[in-house]
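This is run.pdb (PDB, C-alpha atoms).
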MODEL        1
ATOM      1  CA  MET Y   1     125.298  76.411 120.741
ATOM      2  CA  SER Y   2     124.361  73.477 122.991
ATOM      3  CA  THR Y   3     121.032  71.657 122.883
ATOM      4  CA  TYR Y   4     119.997  73.206 126.202
ATOM      5  CA  SER Y   5     120.881  76.678 124.927
ATOM      6  CA  ASN Y   6     118.748  76.088 121.827
ATOM      7  CA  LEU Y   7     115.815  74.889 123.957
ATOM      8  CA  TYR Y   8     116.133  77.902 126.249
ATOM      9  CA  SER Y   9     116.319  80.277 123.284
ATOM     10  CA  ASN Y  10     113.289  78.709 121.629
ATOM     11  CA  ALA Y  11     111.269  78.782 124.864
ATOM     12  CA  THR Y  12     112.166  82.426 125.429
ATOM     13  CA  THR Y  13     111.112  83.303 121.873
ATOM     14  CA  ILE Y  14     107.789  81.481 122.238
ATOM     15  CA  ILE Y  15     106.992  83.143 125.574
ATOM     16  CA  SER Y  16     108.009  86.600 124.311
ATOM     17  CA  THR Y  17     105.905  86.161 121.178
ATOM     18  CA  PHE Y  18     102.919  85.052 123.264
ATOM     19  CA  ILE Y  19     103.229  88.036 125.581
ATOM     20  CA  GLU Y  20     103.495  90.473 122.695
ATOM     21  CA  SER Y  21     100.510  88.876 120.976
ATOM     22  CA  THR Y  22      98.341  89.419 124.027
ATOM     23  CA  LYS Y  23      99.243  93.060 124.436
ATOM     24  CA  THR Y  24      96.690  95.468 123.120
ATOM     25  CA  ARG Y  25      98.562  98.527 124.384
ATOM     26  CA  ASP Y  26      95.343 100.309 125.159
ATOM     27  CA  TYR Y  27      96.571 103.552 126.658
ATOM     28  CA  ASN Y  28      93.017 104.905 126.716
ATOM     29  CA  LEU Y  29      92.143 102.785 129.756
ATOM     30  CA  TYR Y  30      92.509 105.804 131.993
ATOM     31  CA  ALA Y  31      91.218 108.542 129.759
ATOM     32  CA  GLY Y  32      89.522 111.155 131.903
ATOM     33  CA  VAL Y  33      91.041 109.932 135.182
ATOM     34  CA  ASP Y  34      92.314 112.695 137.457
ATOM     35  CA  VAL Y  35      95.749 111.266 138.229
ATOM     36  CA  ALA Y  36      96.541 114.026 140.719
ATOM     37  CA  ALA Y  37      93.642 112.859 142.890
ATOM     38  CA  LEU Y  38      94.977 109.291 143.155
ATOM     39  CA  ASN Y  39      97.035 107.983 146.059
ATOM     40  CA  VAL Y  40     100.400 106.241 145.676
ATOM     41  CA  ALA Y  41      98.922 102.723 145.527
ATOM     42  CA  GLU Y  42      96.339 103.729 142.922
ATOM     43  CA  LYS Y  43      99.003 105.380 140.751
ATOM     44  CA  ALA Y  44     101.130 102.230 140.977
ATOM     45  CA  TRP Y  45      98.106 100.120 140.000
ATOM     46  CA  MET Y  46      97.468 102.375 137.024
ATOM     47  CA  SER Y  47     101.130 102.224 135.959
ATOM     48  CA  TRP Y  48     101.137  98.429 136.139
ATOM     49  CA  TYR Y  49      98.174  98.062 133.810
ATOM     50  CA  LEU Y  50      99.528 100.671 131.422
ATOM     51  CA  TYR Y  51     102.902  98.929 131.310
ATOM     52  CA  TRP Y  52     101.448  95.600 130.220
ATOM     53  CA  GLY Y  53      98.817  97.142 128.025
ATOM     54  CA  ASN Y  54      96.500  94.169 128.425
ATOM     55  CA  PRO Y  55      94.327  93.768 131.555
ATOM     56  CA  LEU Y  56      94.110  89.972 131.180
ATOM     57  CA  LEU Y  57      97.875  89.560 131.188
ATOM     58  CA  ALA Y  58      98.481  92.230 133.824
ATOM     59  CA  THR Y  59      95.984  90.684 136.239
ATOM     60  CA  GLY Y  60      97.262  87.139 135.668
ATOM     61  CA  ILE Y  61     100.910  87.987 136.305
ATOM     62  CA  LEU Y  62     100.185  90.188 139.305
ATOM     63  CA  ALA Y  63      97.851  87.617 140.889
ATOM     64  CA  PHE Y  64     100.277  84.708 140.522
ATOM     65  CA  VAL Y  65     103.301  86.654 141.776
ATOM     66  CA  MET Y  66     101.256  87.981 144.697
ATOM     67  CA  HIS Y  67     100.126  84.456 145.598
ATOM     68  CA  GLU Y  68     103.674  83.062 145.591
ATOM     69  CA  VAL Y  69     105.176  85.974 147.525
ATOM     70  CA  VAL Y  70     102.452  85.942 150.185
ATOM     71  CA  TYR Y  71     102.318  82.166 150.599
ATOM     72  CA  PHE Y  72     106.038  81.488 150.864
ATOM     73  CA  GLY Y  73     106.641  84.804 152.590
ATOM     74  CA  ARG Y  74     104.263  83.756 155.354
ATOM     75  CA  CYS Y  75     105.779  80.250 155.546
ATOM     76  CA  ILE Y  76     109.373  81.428 156.056
ATOM     77  CA  PRO Y  77     108.837  82.888 159.561
ATOM     78  CA  TRP Y  78     107.302  79.608 160.706
ATOM     79  CA  MET Y  79     110.251  77.686 159.260
ATOM     80  CA  LEU Y  80     112.603  79.932 161.247
ATOM     81  CA  VAL Y  81     110.536  79.371 164.391
ATOM     82  CA  ASP Y  82     110.785  75.596 163.883
ATOM     83  CA  LYS Y  83     114.555  75.778 163.466
ATOM     84  CA  TYR Y  84     115.601  78.460 165.937
ATOM     85  CA  GLY Y  85     112.733  78.737 168.426
ATOM     86  CA  GLN Y  86     113.858  76.106 170.931
ATOM     87  CA  SER Y  87     114.365  78.602 173.742
ATOM     88  CA  TRP Y  88     111.025  80.408 173.523
ATOM     89  CA  ALA Y  89     108.631  79.037 170.879
ATOM     90  CA  HIS Y  90     108.728  75.265 171.010
ATOM     91  CA  LYS Y  91     106.929  75.187 174.355
ATOM     92  CA  TYR Y  92     103.907  76.533 172.466
ATOM     93  CA  LYS Y  93     104.088  73.759 169.848
ATOM     94  CA  LEU Y  94     100.820  71.859 169.945
ATOM     95  CA  GLN Y  95     102.564  68.572 169.163
ATOM     96  CA  GLU Y  96     105.970  69.372 170.635
ATOM     97  CA  ALA Y  97     107.420  65.929 170.047
ATOM     98  CA  LYS Y  98     106.763  66.140 166.302
ATOM     99  CA  MET Y  99     108.972  68.782 164.700
ATOM    100  CA  PRO Y 100     109.075  68.839 160.872
ATOM    101  CA  THR Y 101     112.351  67.688 159.378
ATOM    102  CA  ALA Y 102     114.242  69.550 156.660
ATOM    103  CA  LYS Y 103     113.501  66.654 154.292
ATOM    104  CA  GLN Y 104     109.750  66.880 154.961
ATOM    105  CA  GLN Y 105     109.756  70.619 154.348
ATOM    106  CA  TRP Y 106     111.756  70.276 151.125
ATOM    107  CA  GLU Y 107     109.540  67.501 149.750
ATOM    108  CA  CYS Y 108     106.471  69.540 150.676
ATOM    109  CA  THR Y 109     107.896  72.648 148.967
ATOM    110  CA  LYS Y 110     108.608  70.766 145.743
ATOM    111  CA  TYR Y 111     105.106  69.331 145.602
ATOM    112  CA  VAL Y 112     103.442  72.655 146.414
ATOM    113  CA  LEU Y 113     105.439  74.432 143.691
ATOM    114  CA  LYS Y 114     104.423  71.741 141.207
ATOM    115  CA  THR Y 115     100.726  72.222 141.974
ATOM    116  CA  HIS Y 116     101.093  76.000 141.958
ATOM    117  CA  PHE Y 117     102.371  75.961 138.394
ATOM    118  CA  SER Y 118     100.279  73.072 137.050
ATOM    119  CA  VAL Y 119      96.951  73.533 138.880
ATOM    120  CA  GLU Y 120      96.733  77.043 140.315
ATOM    121  CA  LEU Y 121      98.469  79.062 137.573
ATOM    122  CA  PRO Y 122      95.846  78.250 134.896
ATOM    123  CA  GLN Y 123      93.056  79.086 137.352
ATOM    124  CA  ILE Y 124      94.697  82.362 138.309
ATOM    125  CA  TYR Y 125      95.211  83.314 134.670
ATOM    126  CA  LEU Y 126      91.557  82.604 133.886
ATOM    127  CA  PHE Y 127      90.327  84.603 136.864
ATOM    128  CA  HIS Y 128      90.318  87.934 135.016
ATOM    129  CA  PRO Y 129      87.694  86.944 132.399
ATOM    130  CA  MET Y 130      85.571  85.332 135.122
ATOM    131  CA  ALA Y 131      85.810  88.476 137.240
ATOM    132  CA  THR Y 132      84.918  90.859 134.430
ATOM    133  CA  SER Y 133      82.023  88.613 133.370
ATOM    134  CA  VAL Y 134      80.320  89.309 136.738
ATOM    135  CA  GLY Y 135      81.147  93.005 136.623
ATOM    136  CA  MET Y 136      84.191  93.154 138.891
ATOM    137  CA  LYS Y 137      86.352  96.240 138.467
ATOM    138  CA  THR Y 138      89.932  95.207 137.704
ATOM    139  CA  TRP Y 139      92.165  97.881 136.168
ATOM    140  CA  GLU Y 140      89.952 100.781 137.254
ATOM    141  CA  VAL Y 141      90.910 103.447 139.783
ATOM    142  CA  PRO Y 142      90.299 104.754 142.388
ATOM    143  CA  PHE Y 143      90.006 101.901 144.868
ATOM    144  CA  PRO Y 144      86.941 101.357 147.075
ATOM    145  CA  SER Y 145      86.938 102.757 150.603
ATOM    146  CA  PHE Y 146      88.465 100.866 153.510
ATOM    147  CA  THR Y 147      85.060 100.277 155.116
ATOM    148  CA  THR Y 148      83.638  98.820 151.881
ATOM    149  CA  MET Y 149      86.591  96.452 151.524
ATOM    150  CA  ALA Y 150      86.483  95.418 155.190
ATOM    151  CA  ALA Y 151      82.765  94.611 155.079
ATOM    152  CA  GLN Y 152      83.122  92.543 151.904
ATOM    153  CA  ILE Y 153      86.150  90.643 153.202
ATOM    154  CA  ALA Y 154      84.323  89.826 156.453
ATOM    155  CA  LEU Y 155      81.488  88.394 154.359
ATOM    156  CA  PHE Y 156      83.953  86.351 152.275
ATOM    157  CA  PHE Y 157      85.431  84.819 155.441
ATOM    158  CA  VAL Y 158      81.949  83.677 156.525
ATOM    159  CA  MET Y 159      81.074  82.333 153.062
ATOM    160  CA  GLU Y 160      84.362  80.503 152.635
ATOM    161  CA  ASP Y 161      84.184  78.982 156.097
ATOM    162  CA  ALA Y 162      80.723  77.542 155.418
ATOM    163  CA  TRP Y 163      81.799  76.143 152.040
ATOM    164  CA  HIS Y 164      84.993  74.713 153.488
ATOM    165  CA  TYR Y 165      83.173  72.975 156.332
ATOM    166  CA  CYS Y 166      80.775  71.188 153.965
ATOM    167  CA  ALA Y 167      83.359  70.314 151.301
ATOM    168  CA  HIS Y 168      86.003  69.305 153.832
ATOM    169  CA  ARG Y 169      83.626  67.049 155.698
ATOM    170  CA  LEU Y 170      82.570  65.457 152.402
ATOM    171  CA  LEU Y 171      86.239  64.803 151.544
ATOM    172  CA  HIS Y 172      86.444  62.749 154.748
ATOM    173  CA  HIS Y 173      83.816  60.339 153.432
ATOM    174  CA  LYS Y 174      85.409  56.917 153.040
ATOM    175  CA  ALA Y 175      84.662  56.877 149.313
ATOM    176  CA  LEU Y 176      86.705  60.058 148.775
ATOM    177  CA  TYR Y 177      89.195  60.280 151.608
ATOM    178  CA  LYS Y 178      91.733  57.679 150.514
ATOM    179  CA  HIS Y 179      91.687  58.892 146.903
ATOM    180  CA  ILE Y 180      91.871  62.652 147.509
ATOM    181  CA  HIS Y 181      92.112  64.096 151.015
ATOM    182  CA  LYS Y 182      94.458  61.512 152.505
ATOM    183  CA  LEU Y 183      97.391  63.236 150.799
ATOM    184  CA  HIS Y 184      96.847  66.398 152.836
ATOM    185  CA  HIS Y 185      96.773  64.322 156.033
ATOM    186  CA  GLU Y 186     100.204  62.892 155.295
ATOM    187  CA  PHE Y 187     101.448  65.282 157.969
ATOM    188  CA  SER Y 188      99.650  64.464 161.230
ATOM    189  CA  ALA Y 189     101.608  67.300 162.847
ATOM    190  CA  PRO Y 190     101.234  70.041 160.218
ATOM    191  CA  PHE Y 191     103.581  72.935 159.488
ATOM    192  CA  GLY Y 192     103.020  76.146 157.527
ATOM    193  CA  LEU Y 193     104.188  74.885 154.144
ATOM    194  CA  ALA Y 194     101.657  72.037 154.301
ATOM    195  CA  ALA Y 195      98.708  74.437 154.010
ATOM    196  CA  GLU Y 196      98.504  73.886 150.236
ATOM    197  CA  TYR Y 197      99.927  70.367 150.202
ATOM    198  CA  ALA Y 198      96.881  68.728 148.650
ATOM    199  CA  HIS Y 199      95.527  66.663 145.780
ATOM    200  CA  PRO Y 200      94.688  68.715 142.634
ATOM    201  CA  ILE Y 201      90.988  67.874 142.999
ATOM    202  CA  GLU Y 202      91.035  69.097 146.596
ATOM    203  CA  ILE Y 203      92.746  72.312 145.489
ATOM    204  CA  LEU Y 204      89.950  72.896 142.970
ATOM    205  CA  VAL Y 205      87.124  71.987 145.348
ATOM    206  CA  LEU Y 206      88.291  73.953 148.398
ATOM    207  CA  GLY Y 207      89.605  76.784 146.237
ATOM    208  CA  THR Y 208      86.073  77.285 144.955
ATOM    209  CA  GLY Y 209      85.124  78.599 148.377
ATOM    210  CA  THR Y 210      87.908  81.185 148.278
ATOM    211  CA  VAL Y 211      87.201  82.428 144.747
ATOM    212  CA  GLY Y 212      83.527  81.557 144.353
ATOM    213  CA  GLY Y 213      82.280  83.646 147.264
ATOM    214  CA  PRO Y 214      83.635  86.955 145.907
ATOM    215  CA  LEU Y 215      82.428  86.141 142.370
ATOM    216  CA  LEU Y 216      78.961  85.308 143.681
ATOM    217  CA  TRP Y 217      78.862  88.511 145.716
ATOM    218  CA  CYS Y 218      80.049  90.571 142.753
ATOM    219  CA  TRP Y 219      77.387  89.072 140.503
ATOM    220  CA  GLY Y 220      74.634  89.520 143.068
ATOM    221  CA  SER Y 221      75.633  93.088 143.925
ATOM    222  CA  GLY Y 222      75.774  94.241 140.322
ATOM    223  CA  GLY Y 223      79.563  94.563 140.176
ATOM    224  CA  ASN Y 224      80.075  96.258 143.540
ATOM    225  CA  MET Y 225      83.623  94.956 144.025
ATOM    226  CA  HIS Y 226      87.192  95.751 142.988
ATOM    227  CA  LEU Y 227      90.040  93.364 142.241
ATOM    228  CA  VAL Y 228      92.182  94.989 144.934
ATOM    229  CA  THR Y 229      89.603  93.785 147.485
ATOM    230  CA  MET Y 230      90.058  90.288 146.091
ATOM    231  CA  PHE Y 231      93.823  90.564 146.499
ATOM    232  CA  VAL Y 232      93.533  91.706 150.112
ATOM    233  CA  TRP Y 233      91.078  88.863 150.783
ATOM    234  CA  ILE Y 234      93.419  86.282 149.221
ATOM    235  CA  THR Y 235      96.333  87.635 151.251
ATOM    236  CA  LEU Y 236      94.393  87.320 154.511
ATOM    237  CA  ARG Y 237      93.082  83.885 153.525
ATOM    238  CA  LEU Y 238      96.631  82.658 152.831
ATOM    239  CA  PHE Y 239      97.811  84.028 156.175
ATOM    240  CA  GLN Y 240      94.933  82.221 157.872
ATOM    241  CA  ALA Y 241      95.658  78.918 156.103
ATOM    242  CA  VAL Y 242      99.408  78.968 156.773
ATOM    243  CA  ASP Y 243      98.965  80.014 160.403
ATOM    244  CA  ALA Y 244      96.320  77.315 160.973
ATOM    245  CA  HIS Y 245      98.870  74.733 159.818
ATOM    246  CA  SER Y 246     101.789  76.250 161.748
ATOM    247  CA  GLY Y 247     101.415  73.898 164.704
ATOM    248  CA  TYR Y 248     101.832  76.705 167.248
ATOM    249  CA  ASP Y 249      99.355  78.246 169.675
ATOM    250  CA  PHE Y 250     100.868  81.317 171.347
ATOM    251  CA  PRO Y 251      99.331  83.378 174.165
ATOM    252  CA  TRP Y 252      98.981  86.188 171.606
ATOM    253  CA  SER Y 253      97.435  84.039 168.856
ATOM    254  CA  LEU Y 254      94.256  85.475 167.346
ATOM    255  CA  ASN Y 255      92.024  82.796 168.870
ATOM    256  CA  LYS Y 256      93.032  84.103 172.306
ATOM    257  CA  ILE Y 257      91.674  87.535 171.333
ATOM    258  CA  LEU Y 258      88.684  86.354 169.279
ATOM    259  CA  PRO Y 259      87.282  83.175 170.902
ATOM    260  CA  PHE Y 260      85.303  82.297 167.756
ATOM    261  CA  TRP Y 261      88.484  82.219 165.637
ATOM    262  CA  ALA Y 262      89.703  78.671 164.930
ATOM    263  CA  GLY Y 263      93.459  79.085 164.636
ATOM    264  CA  ALA Y 264      96.139  76.424 164.825
ATOM    265  CA  ASP Y 265      94.763  75.079 168.119
ATOM    266  CA  HIS Y 266      91.599  74.009 166.297
ATOM    267  CA  HIS Y 267      93.030  72.773 163.005
ATOM    268  CA  ASP Y 268      96.059  71.036 164.486
ATOM    269  CA  PHE Y 269      93.702  68.710 166.340
ATOM    270  CA  HIS Y 270      92.029  67.843 163.036
ATOM    271  CA  HIS Y 271      95.366  66.678 161.642
ATOM    272  CA  GLN Y 272      96.222  64.883 164.856
ATOM    273  CA  ALA Y 273      92.895  63.050 165.146
ATOM    274  CA  PHE Y 274      91.912  62.824 161.453
ATOM    275  CA  SER Y 275      88.426  63.960 162.462
ATOM    276  CA  ASN Y 276      86.515  66.866 164.058
ATOM    277  CA  CYS Y 277      87.229  70.571 163.462
ATOM    278  CA  TYR Y 278      86.371  70.758 159.743
ATOM    279  CA  SER Y 279      86.048  74.548 159.505
ATOM    280  CA  THR Y 280      88.883  76.861 158.539
ATOM    281  CA  SER Y 281      88.460  80.281 160.095
ATOM    282  CA  PHE Y 282      85.728  79.987 162.719
ATOM    283  CA  ARG Y 283      84.513  77.544 165.353
ATOM    284  CA  TYR Y 284      80.761  78.059 165.361
ATOM    285  CA  ILE Y 285      79.798  75.598 162.589
ATOM    286  CA  ASP Y 286      81.708  72.754 164.220
ATOM    287  CA  SER Y 287      80.047  73.687 167.516
ATOM    288  CA  ILE Y 288      76.551  73.745 165.980
ATOM    289  CA  MET Y 289      77.105  70.469 164.116
ATOM    290  CA  GLY Y 290      78.684  68.714 167.095
ATOM    291  CA  THR Y 291      81.936  68.018 165.249
ATOM    292  CA  ASP Y 292      84.185  69.413 167.965
ATOM    293  CA  THR Y 293      83.324  67.101 170.874
ATOM    294  CA  LYS Y 294      86.524  65.025 170.587
ATOM    295  CA  TYR Y 295      88.527  68.230 170.285
ATOM    296  CA  HIS Y 296      87.099  69.656 173.523
ATOM    297  CA  ALA Y 297      87.466  66.338 175.362
ATOM    298  CA  PHE Y 298      91.119  66.030 174.349
ATOM    299  CA  ARG Y 299      91.992  69.643 175.214
ATOM    300  CA  ASN Y 300      90.294  69.222 178.617
ATOM    301  CA  ARG Y 301      92.392  66.115 179.296
ATOM    302  CA  GLN Y 302      95.503  68.057 178.324
ATOM    303  CA  LYS Y 303      94.631  70.878 180.736
ATOM    304  CA  ALA Y 304      93.954  68.399 183.523
ATOM    305  CA  ALA Y 305      97.278  66.641 182.891
ATOM    306  CA  LYS Y 306      99.197  69.936 182.965
ATOM    307  CA  LEU Y 307      97.494  70.983 186.180
ATOM    308  CA  ALA Y 308      98.274  67.613 187.747
ATOM    309  CA  ALA Y 309     101.914  67.889 186.663
ATOM    310  CA  LYS Y 310     102.133  71.327 188.319
ATOM    311  CA  ASN Y 311     100.935  69.737 191.533
ATOM    312  CA  GLY Y 312     103.499  66.954 191.227
ATOM    313  CA  VAL Y 313     100.995  64.284 190.206
ATOM    314  CA  SER Y 314     101.780  62.013 187.290
ATOM    315  CA  ALA Y 315      99.081  62.138 184.600
ATOM    316  CA  HIS Y 316      98.678  60.666 181.149
ATOM    317  CA  VAL Y 317      96.760  62.105 178.209
ATOM    318  CA  ASP Y 318      95.112  59.329 176.228
ATOM    319  CA  GLU Y 319      95.917  59.252 172.510
ATOM    320  CA  VAL Y 320      93.211  60.873 170.430
ATOM    321  CA  PHE Y 321      90.880  58.700 168.417
ATOM    322  CA  LYS Y 322      91.882  58.574 164.762
ATOM    323  CA  GLU Y 323      89.791  57.711 161.740
ATOM    324  CA  ASP Y 324      91.371  56.318 158.570
TER     325      ASP Y 324
ENDMDL
END

What would the structure in this file look like if it were written as structure tokens?
Amino acid sequence: MSTYSNLYSNATTIISTFIESTKTRDYNLYAGVDVAALNVAEKAWMSWYLYWGNPLLATGILAFVMHEVVYFGRCIPWMLVDKYGQSWAHKYKLQEAKMPTAKQQWECTKYVLKTHFSVELPQIYLFHPMATSVGMKTWEVPFPSFTTMAAQIALFFVMEDAWHYCAHRLLHHKALYKHIHKLHHEFSAPFGLAAEYAHPIEILVLGTGTVGGPLLWCWGSGGNMHLVTMFVWITLRLFQAVDAHSGYDFPWSLNKILPFWAGADHHDFHHQAFSNCYSTSFRYIDSIMGTDTKYHAFRNRQKAAKLAAKNGVSAHVDEVFKED
């Protein structure tokens, strides 16, 4: 047997032993539950936790797999648009002259995977004990109602947006920017995969807004929250982050339907100018704080230049002001 085969065998044994050691095989988790009254999703949830036998392990594995599937699953369509959308999509590219190269996307993917396994995996695995400590329901069924989940998720979007604005703006302070946040701004014309291309400290700081809001709500509400709500919230938050970094602003983009939604139009300018537009999901905080003036001025110049071009008049859009 080769050295690599021995290493693989030993690693497999260690992992298998660890998994078995964490299994409590508590089949009494659902004692008294009326299985017939559960829907398909609730039965699947119940089966998952019974299979692993240990809520800590079951939650950790499910959360990490869900994160990877949702994140990269949402990135793939944008990669296809970049590669094959010349005939219909590229005209909606906010920085049309700056298309991501295959090398950039591959280097970004490698780095993101490294941080997922080294930075985010431990946090995800530790989420279960943090959640249960504030009373969050994890393995329990049935799930909360749709209206309860929707109201809580709407609140989480508002809480995260406020946290992100403050923390993001702080990361642009000259004492912190070059050491932490500058890495994320490596791509002045962002693309979907770059949403989580960030320094480990930034991942921890900004991730606190995503996870901390639900934990705070759960603690303050006396445990009025279920883990499935958290998973739906994370899924929507990942969609928002990837889409905001996509670099595209379509006529059907959400910010065209909901004017207060930030979208790629808002965040792309932040990467282009290295300033303004610090929020993630909404526009109102930047508007209140006056940190969208350069954004509006630049977009107005763009509109004027396009209108002039339609009328056969040559116009030039000045380069946006950038801060190091």

Exercise for the section: Please write as number ranges by chain the full residue list that the PyMOL selection byres ((chain Y and resi 292-299) around 12) yields on this file. Expected result: Y: 94, 262, 265-279, 282-291, 300-306, 316-323

Fill in the blank from the handout: One decimal place gives the atom CA of Lys98 of chain Y-atom CA of Leu171 of chain Y separation as 25.3 Å

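Taking only C-alpha atoms into account, Val141 of chain Y lies nearest to Y:Gly32 out of the set Y:Pro129, Y:Gly32, Y:Gly312, Y:Gly73.
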
Handout entry: segment 146-149 of chain Y environment, 9 Å, only C-alpha atoms, sequence neighbours closer than 3 positions dropped, as an MDAnalysis selection string
Key = chainID Y and resid 143 152:154 225:226 228:230 232:233

Compile a residue-level contact table for segment 204-290 of chain Y against segment 50-70 of chain Y at a cut-off of 12 Å, reporting for every qualifying residue the shortest atom pair and its distance in Å to one decimal, with all atoms listed in the file counted, rows ordered by chain and ascending number, as a Markdown table.
| residue | atom | partner | partner_atom | distance |
| --- | --- | --- | --- | --- |
| Y:Leu227 | CA | Y:Thr59 | CA | 8.9 |
| Y:Val228 | CA | Y:Ala63 | CA | 10.1 |
| Y:Met230 | CA | Y:Ala63 | CA | 9.7 |
| Y:Phe231 | CA | Y:Ala63 | CA | 7.5 |
| Y:Val232 | CA | Y:Met66 | CA | 10.1 |
| Y:Trp233 | CA | Y:His67 | CA | 11.3 |
| Y:Ile234 | CA | Y:His67 | CA | 7.8 |
| Y:Thr235 | CA | Y:Val70 | CA | 6.4 |
| Y:Leu236 | CA | Y:Val70 | CA | 9.2 |
| Y:Arg237 | CA | Y:Val70 | CA | 10.2 |
| Y:Leu238 | CA | Y:Val70 | CA | 7.2 |
| Y:Phe239 | CA | Y:Val70 | CA | 7.8 |
| Y:Gln240 | CA | Y:Val70 | CA | 11.4 |
| Y:Ala241 | CA | Y:Val70 | CA | 11.4 |
| Y:Val242 | CA | Y:Val70 | CA | 10.1 |

Handout entry: Residues selected by the PyMOL selection byres ((chain Y and resi 200-207) around 10), written as a list in words
Key = Thr115, His116, Ser118, Val119, Glu120, Gln123, Glu160, Trp163, His164, Tyr165, Cys166, Ala167, His168, Leu171, His179, Ile180, His181, Leu183, His184, Glu196, Tyr197, Ala198, His199, Thr208, Gly209, Thr210, Val211 and Gly212 of chain Y

Which centre and edge lengths in Å to one decimal define the box along x, y and z that fits every listed atom of segment 86-103 of chain Y plus 6 Å per side, as lines of an AutoDock Vina configuration file?
center_x = 107.6
center_y = 73.2
center_z = 164.3
size_x = 25.5
size_y = 26.5
size_z = 32.1

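Our summary of the geometry notes that atom CA of Met136 of chain Y is positioned 16.6 Å from atom CA of Glu42 of chain Y.
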